[in-house]
>>> print(open('model00.txt').read())   # compact mmCIF, C-alpha atoms
# COMPACT_ATOMS: atom_id res chain seq x y z
CA MET A 1 -47.31 -12.81 13.06
CA THR A 2 -49.42 -9.80 12.18
CA THR A 3 -48.66 -6.33 13.53
CA GLU A 4 -51.69 -6.53 15.84
CA GLU A 5 -50.49 -9.84 17.29
CA LEU A 6 -46.95 -8.49 17.69
CA LYS A 7 -48.26 -5.45 19.55
CA ASN A 8 -49.71 -7.79 22.17
CA VAL A 9 -46.52 -9.78 22.59
CA LYS A 10 -45.02 -9.49 26.08
CA SER A 11 -41.27 -9.62 25.69
CA ASN A 12 -39.00 -10.87 28.48
CA LEU A 13 -36.17 -8.59 27.42
CA THR A 14 -35.99 -5.45 25.28
CA VAL A 15 -32.71 -4.59 23.61
CA ASP A 16 -32.50 -0.97 22.58
CA ALA A 17 -30.06 -0.81 19.66
CA ARG A 18 -31.36 2.40 18.14
CA GLY A 19 -28.08 4.22 18.68
CA THR A 20 -26.09 1.94 16.42
CA ALA A 21 -25.94 1.04 12.72
CA CYS A 22 -25.18 -2.29 11.04
CA PRO A 23 -23.89 -4.61 12.46
CA GLY A 24 -24.54 -2.98 15.86
CA PRO A 25 -28.11 -4.25 16.45
CA LEU A 26 -27.08 -7.81 15.61
CA LEU A 27 -24.13 -7.57 18.01
CA ALA A 28 -26.40 -6.17 20.71
CA ALA A 29 -28.92 -8.98 20.17
CA LYS A 30 -26.20 -11.63 20.21
CA LYS A 31 -24.82 -10.23 23.47
CA ALA A 32 -28.20 -10.04 25.16
CA ILE A 33 -29.55 -13.42 24.07
CA GLY A 34 -27.49 -15.11 26.78
CA GLU A 35 -29.58 -13.40 29.44
CA LEU A 36 -32.72 -15.20 28.25
CA GLU A 37 -33.93 -18.73 28.94
CA SER A 38 -35.03 -20.95 26.10
CA GLY A 39 -38.58 -20.09 25.00
CA GLU A 40 -38.41 -16.49 26.25
CA ILE A 41 -39.08 -13.56 23.96
CA MET A 42 -36.62 -10.88 22.97
CA GLU A 43 -37.59 -7.55 21.49
CA ILE A 44 -35.04 -5.54 19.55
CA LEU A 45 -35.43 -1.84 18.85
CA SER A 46 -33.50 -0.81 15.78
CA ALA A 47 -33.32 2.27 13.60
CA ASP A 48 -31.18 0.45 11.03
CA GLU A 49 -33.14 -0.70 7.97
CA GLY A 50 -30.80 -3.58 7.17
CA THR A 51 -31.44 -5.12 10.57
CA LYS A 52 -34.94 -6.11 9.47
CA ASN A 53 -33.32 -8.52 7.05
CA ASP A 54 -30.35 -9.45 9.21
CA ILE A 55 -32.16 -10.54 12.36
CA PRO A 56 -34.37 -13.13 10.58
CA ARG A 57 -31.29 -14.54 8.84
CA TRP A 58 -29.48 -14.76 12.16
CA CYS A 59 -32.48 -16.56 13.72
CA GLU A 60 -32.63 -18.95 10.80
CA LYS A 61 -28.99 -19.83 11.18
CA VAL A 62 -28.75 -20.05 14.93
CA GLY A 63 -32.17 -21.60 15.54
CA HIS A 64 -34.22 -18.89 17.26
CA GLU A 65 -37.79 -18.44 16.12
CA TYR A 66 -38.28 -15.09 14.39
CA LEU A 67 -41.75 -13.67 14.99
CA GLY A 68 -41.69 -10.52 12.84
CA PHE A 69 -41.43 -6.76 13.20
CA TYR A 70 -43.49 -3.62 13.08
CA ASP A 71 -42.46 -0.02 12.47
CA GLU A 72 -42.71 2.86 14.91
CA ASP A 73 -42.14 6.45 13.81
CA SER A 74 -38.38 6.37 13.51
CA PHE A 75 -37.47 2.78 14.32
CA SER A 76 -38.69 -0.82 14.22
CA ARG A 77 -39.49 -3.42 16.85
CA LEU A 78 -38.34 -6.94 16.04
CA PHE A 79 -39.41 -10.03 17.98
CA LEU A 80 -37.97 -13.48 18.41
CA ILE A 81 -38.20 -16.51 20.68
CA LYS A 82 -34.94 -17.91 22.00
CA GLU A 83 -34.24 -21.46 20.93
CA MET B 1 -26.87 -69.61 3.28
CA GLU B 2 -25.97 -68.46 6.76
CA LYS B 3 -22.41 -68.02 5.79
CA SER B 4 -23.24 -65.78 2.83
CA ASN B 5 -25.38 -63.61 5.13
CA GLU B 6 -22.43 -63.17 7.42
CA VAL B 7 -20.23 -62.15 4.54
CA THR B 8 -22.80 -59.60 3.36
CA LEU B 9 -23.07 -58.15 6.87
CA GLU B 10 -19.36 -57.84 7.18
CA LEU B 11 -19.19 -56.10 3.83
CA LEU B 12 -21.93 -53.68 4.87
CA GLN B 13 -20.15 -52.93 8.14
CA LYS B 14 -17.01 -52.13 6.20
CA GLN B 15 -18.88 -49.80 3.88
CA VAL B 16 -20.57 -48.03 6.79
CA ASP B 17 -17.20 -47.52 8.49
CA MET B 18 -15.77 -46.11 5.31
CA LEU B 19 -18.71 -43.74 4.86
CA THR B 20 -18.54 -42.55 8.47
CA LYS B 21 -14.90 -41.69 7.93
CA LYS B 22 -15.66 -39.86 4.69
CA VAL B 23 -18.55 -37.88 6.17
CA GLY B 24 -16.37 -36.89 9.11
CA LYS B 25 -13.76 -35.62 6.72
CA LEU B 26 -16.32 -33.72 4.67
CA GLU B 27 -17.78 -32.11 7.77
CA LYS B 28 -14.35 -30.99 8.83
CA ASN B 29 -13.75 -29.52 5.39
CA ARG B 30 -16.82 -27.30 5.62
CA LYS B 31 -16.60 -25.94 9.12
CA ASP B 32 -18.87 -23.04 10.01
CA GLN B 33 -15.85 -20.79 9.74
CA LEU B 34 -14.88 -17.66 7.83
CA SER B 35 -11.30 -17.18 6.73
CA MET B 36 -10.21 -13.86 5.32
CA ALA B 37 -6.90 -12.93 3.79
CA VAL B 38 -6.62 -9.19 4.42
CA VAL B 39 -3.92 -7.62 2.29
CA SER B 40 -5.22 -4.06 1.76
CA GLY B 41 -4.45 -1.32 4.22
CA ASP B 42 -7.14 1.07 3.03
CA MET B 43 -9.54 2.35 5.64
CA ASP B 44 -12.60 1.28 3.63
CA LYS B 45 -11.31 -2.24 3.16
CA ILE B 46 -10.38 -2.66 6.81
CA LEU B 47 -13.86 -1.37 7.69
CA ALA B 48 -15.45 -3.94 5.37
CA THR B 49 -13.28 -6.66 6.89
CA MET B 50 -14.37 -5.79 10.40
CA VAL B 51 -18.08 -5.36 9.62
CA ILE B 52 -18.28 -8.72 7.84
CA SER B 53 -16.23 -10.42 10.57
CA LEU B 54 -18.39 -9.02 13.35
CA ALA B 55 -21.59 -10.04 11.59
CA ALA B 56 -20.21 -13.55 11.06
CA ALA B 57 -19.04 -13.85 14.66
CA ALA B 58 -22.43 -12.65 15.92
CA MET B 59 -23.95 -15.45 13.85
CA ASP B 60 -21.76 -17.98 15.70
CA THR B 61 -19.38 -18.44 12.79
CA GLN B 62 -15.75 -18.87 13.82
CA VAL B 63 -13.74 -16.03 12.22
CA LYS B 64 -10.06 -16.18 11.36
CA LEU B 65 -8.38 -13.13 9.85
CA PHE B 66 -4.99 -13.37 8.21
CA PHE B 67 -3.37 -9.94 8.01
CA SER B 68 -0.63 -9.53 5.48
CA PHE B 69 1.27 -6.75 3.71
CA TRP B 70 -0.36 -3.27 3.73
CA SER B 71 -3.05 -4.34 6.20
CA LEU B 72 -0.40 -4.65 8.93
CA SER B 73 -0.52 -0.84 9.31
CA ALA B 74 -4.03 -1.24 10.71
CA LEU B 75 -2.66 -3.38 13.55
CA ARG B 76 0.08 -0.97 14.62
CA ASP B 77 -0.10 0.68 17.98
CA PRO B 78 1.04 4.33 17.67
CA LYS B 79 2.06 4.40 21.34
CA LYS B 80 4.63 1.67 20.86
CA SER B 81 8.02 2.44 19.34
CA PRO B 82 10.23 -0.63 19.16
CA LYS B 83 13.98 -0.25 19.25
CA GLY B 84 16.67 -1.82 17.13
CA LYS B 85 15.28 -1.13 13.66
CA ASP B 86 17.57 -0.60 10.71
CA PHE B 87 17.36 2.47 8.44
CA ILE B 88 14.94 1.00 5.86
CA SER B 89 12.64 -0.41 8.53
CA LYS B 90 12.56 2.99 10.21
CA MET B 91 11.66 4.62 6.89
CA PHE B 92 8.84 2.13 6.35
CA GLY B 93 7.63 2.82 9.84
CA ILE B 94 7.55 6.54 9.18
CA MET B 95 5.90 6.34 5.76
CA LEU B 96 3.18 3.83 6.56
CA PRO B 97 0.04 4.67 8.57
CA LYS B 98 0.72 4.54 12.31
CA SER B 99 -2.56 2.87 13.29
CA LYS B 100 -6.05 1.94 12.15
CA ASN B 101 -7.02 5.55 12.77
CA HIS B 102 -4.40 6.83 10.34
CA LEU B 103 -5.45 4.84 7.24
CA SER B 104 -6.33 6.45 3.90
CA LEU B 105 -9.30 5.74 1.69
CA SER B 106 -8.87 3.80 -1.56
CA ASN B 107 -11.10 6.41 -3.22
CA MET B 108 -11.72 10.08 -2.47
CA ASN B 109 -8.83 10.27 -0.04
CA MET B 110 -8.26 13.94 -0.94
CA ALA B 111 -5.01 14.23 0.98
CA GLY B 112 -6.55 13.01 4.20
CA MET B 113 -9.81 14.99 3.99
CA GLY B 114 -11.74 11.89 2.89
CA PRO B 115 -11.05 9.79 5.99
CA VAL B 116 -11.87 12.75 8.24
CA MET B 117 -15.20 13.15 6.46
CA ILE B 118 -15.96 9.43 6.61
CA LYS B 119 -15.18 9.35 10.34
CA MET B 120 -17.52 12.30 10.87
CA LEU B 121 -20.26 10.59 8.87
CA MET B 122 -19.75 7.30 10.70
CA LYS B 123 -20.22 9.08 14.01
CA LYS B 124 -23.31 10.88 12.73
CA LYS B 125 -24.84 7.68 11.36
CA ASN B 126 -23.97 5.67 14.49
CA VAL B 127 -21.54 3.32 12.75
CA LEU B 128 -19.05 1.77 15.18
CA SER B 129 -15.55 3.24 15.00
CA LEU B 130 -12.65 0.97 14.05
CA ASP B 131 -11.43 1.09 17.66
CA GLU B 132 -14.81 -0.09 18.88
CA MET B 133 -14.98 -2.77 16.17
CA PHE B 134 -11.63 -4.25 17.20
CA LYS B 135 -12.76 -4.23 20.82
CA GLN B 136 -15.94 -6.12 19.95
CA ALA B 137 -13.99 -8.48 17.70
CA GLY B 138 -11.79 -9.36 20.68
CA GLU B 139 -14.82 -10.04 22.83
CA LEU B 140 -16.37 -12.25 20.15
CA GLY B 141 -13.21 -14.32 19.82
CA ILE B 142 -12.26 -13.28 16.30
CA GLU B 143 -8.73 -14.53 15.65
CA ILE B 144 -6.14 -12.33 13.98
CA THR B 145 -3.02 -13.85 12.52
CA ILE B 146 -0.15 -11.66 11.42
CA CYS B 147 1.83 -12.89 8.44
CA GLU B 148 5.39 -13.10 9.74
CA MET B 149 6.96 -12.90 6.31
CA SER B 150 5.39 -9.56 5.40
CA MET B 151 6.05 -8.32 8.92
CA ASP B 152 9.78 -9.02 8.44
CA LEU B 153 9.72 -7.69 4.90
CA MET B 154 8.29 -4.36 5.97
CA GLY B 155 10.52 -4.16 9.00
CA PHE B 156 7.78 -4.31 11.63
CA LYS B 157 8.47 -5.75 15.05
CA LYS B 158 6.10 -7.93 17.04
CA GLU B 159 6.23 -5.38 19.87
CA GLU B 160 4.65 -2.59 17.84
CA PHE B 161 1.28 -4.24 17.24
CA ILE B 162 -1.90 -3.58 19.18
CA ASP B 163 -2.79 -5.48 22.33
CA TYR B 164 -5.43 -7.82 20.96
CA PRO B 165 -6.58 -10.88 22.90
CA HIS B 166 -6.44 -13.34 20.01
CA LEU B 167 -3.37 -12.23 18.12
CA ARG B 168 -0.88 -14.72 16.76
CA PHE B 169 1.96 -14.84 14.26
CA ALA B 170 2.21 -17.44 11.54
CA GLY B 171 2.92 -18.14 7.89
CA ALA B 172 0.92 -18.69 4.72
CA ALA B 173 0.42 -22.40 5.43
CA THR B 174 -1.62 -21.47 8.50
CA PHE B 175 -3.96 -19.45 6.32
CA VAL B 176 -4.19 -22.23 3.74
CA ALA B 177 -4.97 -24.79 6.42
CA ASP B 178 -7.59 -22.55 8.08
CA ALA B 179 -9.13 -21.55 4.75
CA GLY B 180 -9.29 -25.18 3.64
CA GLU B 181 -11.52 -26.02 6.60
CA SER B 182 -13.70 -22.93 6.24
CA ALA B 183 -17.04 -22.82 4.50
CA MET B 184 -16.26 -19.22 3.51
CA GLN B 185 -13.06 -17.71 2.27
CA LEU B 186 -12.56 -14.09 1.33
CA PHE B 187 -9.64 -12.09 0.01
CA ILE B 188 -9.60 -8.38 0.66
>>> encode(input="model00.txt", output="structure tokens")
Amino acid sequence: MTTEELKNVKSNLTVDARGTACPGPLLAAKKAIGELESGEIMEILSADEGTKNDIPRWCEKVGHEYLGFYDEDSFSRLFLIKE
Amino acid sequence: MEKSNEVTLELLQKQVDMLTKKVGKLEKNRKDQLSMAVVSGDMDKILATMVISLAAAAMDTQVKLFFSFWSLSALRDPKKSPKGKDFISKMFGIMLPKSKNHLSLSNMNMAGMGPVMIKMLMKKKNVLSLDEMFKQAGELGIEITICEMSMDLMGFKKEEFIDYPHLRFAGAATFVADAGESAMQLFI
């Protein structure tokens, strides 16, 4: 998805993991995913650069659909659809 | 003609059965599981162990850690002081780190300044502390097995280890069996 498209995405749940480094954001996402129904969208806020690579790999392995990310000033927003 | 068809079918059935068995065995051999033999008791190596384990567990991989030798220091609880130790065991207990928060670095230890600096940096950079990592590991179901042989050798008692929800005691064969089924095996 392009940045413009991602900016219009309405997420069902936002996980703010900006206060934690690797593997914190992944752990936060894993914990929160249970709160979502299948097909719902999760947004993860992360200030950890590695997370941009880790979240898509996690999605690939577990089966969620990774939509992409875009950068804000000091962090990134990552999006995925729960399997 | 009909008879030969029957024979062929029977043969095929046999082969399918055999293959099903083999595939089942293969699947079991490559479980989505990570086995780690943790032998080092350095702070950096225990940190690496926990970070990799947590990432794996978050990715739904079953994690089994086998703690042996120097790494046992990381599982000690400083608040617990078991009785009935002989002289050598007591000496070991005094000379080895008292908990995961008392470990030294494998490099740049600088008489204890290194770990203090690393802990400060970890806090500044929002890296989870070892205490927090063990807590999360417990919640994610990461299994920790303590090698009984090295525990005896170093004079540790079962009572002096941390309260961890998935702690067990076993021997090397347990690690070999677990590692044999795991898709990933690491030695630290």
>>> closest_atom_pairs(input="model00.txt", of="chain B", to="chain A", cutoff="10 Å", atoms="all atoms listed in the file", output="Markdown table")
| residue | atom | partner | partner_atom | distance |
| --- | --- | --- | --- | --- |
| B:Met50 | CA | A:Pro23 | CA | 9.8 |
| B:Val51 | CA | A:Pro23 | CA | 6.5 |
| B:Ile52 | CA | A:Pro23 | CA | 8.3 |
| B:Ser53 | CA | A:Pro23 | CA | 9.8 |
| B:Leu54 | CA | A:Pro23 | CA | 7.1 |
| B:Ala55 | CA | A:Pro23 | CA | 6.0 |
| B:Ala56 | CA | A:Trp58 | CA | 9.4 |
| B:Ala57 | CA | A:Leu27 | CA | 8.8 |
| B:Ala58 | CA | A:Leu27 | CA | 5.8 |
| B:Met59 | CA | A:Trp58 | CA | 5.8 |
| B:Asp60 | CA | A:Val62 | CA | 7.3 |
| B:Thr61 | CA | A:Val62 | CA | 9.7 |
| B:Met122 | CA | A:Ala21 | CA | 9.0 |
| B:Lys123 | CA | A:Thr20 | CA | 9.6 |
| B:Lys125 | CA | A:Ala21 | CA | 6.9 |
| B:Asn126 | CA | A:Thr20 | CA | 4.7 |
| B:Val127 | CA | A:Ala21 | CA | 5.0 |
| B:Leu128 | CA | A:Thr20 | CA | 7.2 |
| B:Met133 | CA | A:Gly24 | CA | 9.6 |
| B:Gln136 | CA | A:Leu27 | CA | 8.5 |
| B:Leu140 | CA | A:Lys31 | CA | 9.3 |
>>> axis_aligned_box(input="model00.txt", around="range 50-62 of chain A", padding_each_side="3 Å", output="AutoDock Vina command-line options")
--center_x -31.8 --center_y -11.8 --center_z 11.0 --size_x 12.2 --size_y 22.5 --size_z 13.9
>>> atom_distance(input="model00.txt", atom1="CA of Ile94 in chain B", atom2="CA of Leu65 in chain B")
25.3 Å
>>> atom_distance(input="model00.txt", atom1="CA of Ile33 in chain A", atom2="CA of Glu139 in chain B")
15.2 Å
>>> residues_around(input="model00.txt", residues="Ile144 in chain B", least_positions_apart="3", cutoff="10 Å", atoms="all atoms listed in the file", output="list in words")
Met36, Val63, Lys64, Leu65, Phe66, Phe67, Leu75, Ala137, Gly138, Gly141, Cys147, Tyr164, Pro165, His166, Leu167, Arg168 and Phe169 of chain B
>>> residues_around(input="model00.txt", residues="range 1-7 of chain A", least_positions_apart="4", cutoff="12 Å", atoms="only C-alpha atoms", output="PyMOL selection string")
chain A and resi 11+41-43+65-72+76-80
>>> closest_residue(input="model00.txt", among="B:Val16, B:Ile162, B:Met110, B:Leu121", to="Lys80 in chain B", atoms="only C-alpha atoms")
B:Ile162
>>> residues_around(input="model00.txt", residues="Leu130 in chain B", least_positions_apart="2", cutoff="9 Å", atoms="only C-alpha atoms", output="number ranges by chain")
B: 46-47, 50, 100-101, 128, 132-135
>>> write_last_selection(input="model00.txt", atoms="C-alpha atoms", output="PDB file, keeping the file's coordinate frame")
ATOM      1  CA  ILE B  46     -10.380  -2.660   6.810  1.00  0.00           C
ATOM      2  CA  LEU B  47     -13.860  -1.370   7.690  1.00  0.00           C
ATOM      3  CA  MET B  50     -14.370  -5.790  10.400  1.00  0.00           C
ATOM      4  CA  LYS B 100      -6.050   1.940  12.150  1.00  0.00           C
ATOM      5  CA  ASN B 101      -7.020   5.550  12.770  1.00  0.00           C
ATOM      6  CA  LEU B 128     -19.050   1.770  15.180  1.00  0.00           C
ATOM      7  CA  GLU B 132     -14.810  -0.090  18.880  1.00  0.00           C
ATOM      8  CA  MET B 133     -14.980  -2.770  16.170  1.00  0.00           C
ATOM      9  CA  PHE B 134     -11.630  -4.250  17.200  1.00  0.00           C
ATOM     10  CA  LYS B 135     -12.760  -4.230  20.820  1.00  0.00           C
TER      11      LYS B 135
END
>>> atom_distance(input="model00.txt", atom1="CA of Asp152 in chain B", atom2="CA of Lys79 in chain B")
20.2 Å
>>> residues_near_point(input="model00.txt", point="(4.4, -10.3, 7.5)", cutoff="10 Å", atoms="only C-alpha atoms", output="PyMOL selection string")
chain B and resi 66-72+145-158+169-172
>>> residues_around(input="model00.txt", residues="Glu83 in chain A", least_positions_apart="2", cutoff="9 Å", atoms="all atoms listed in the file", output="list in words")
Glu37, Ser38, Gly39, Glu40, Cys59, Val62, Gly63, His64, Glu65 and Ile81 of chain A
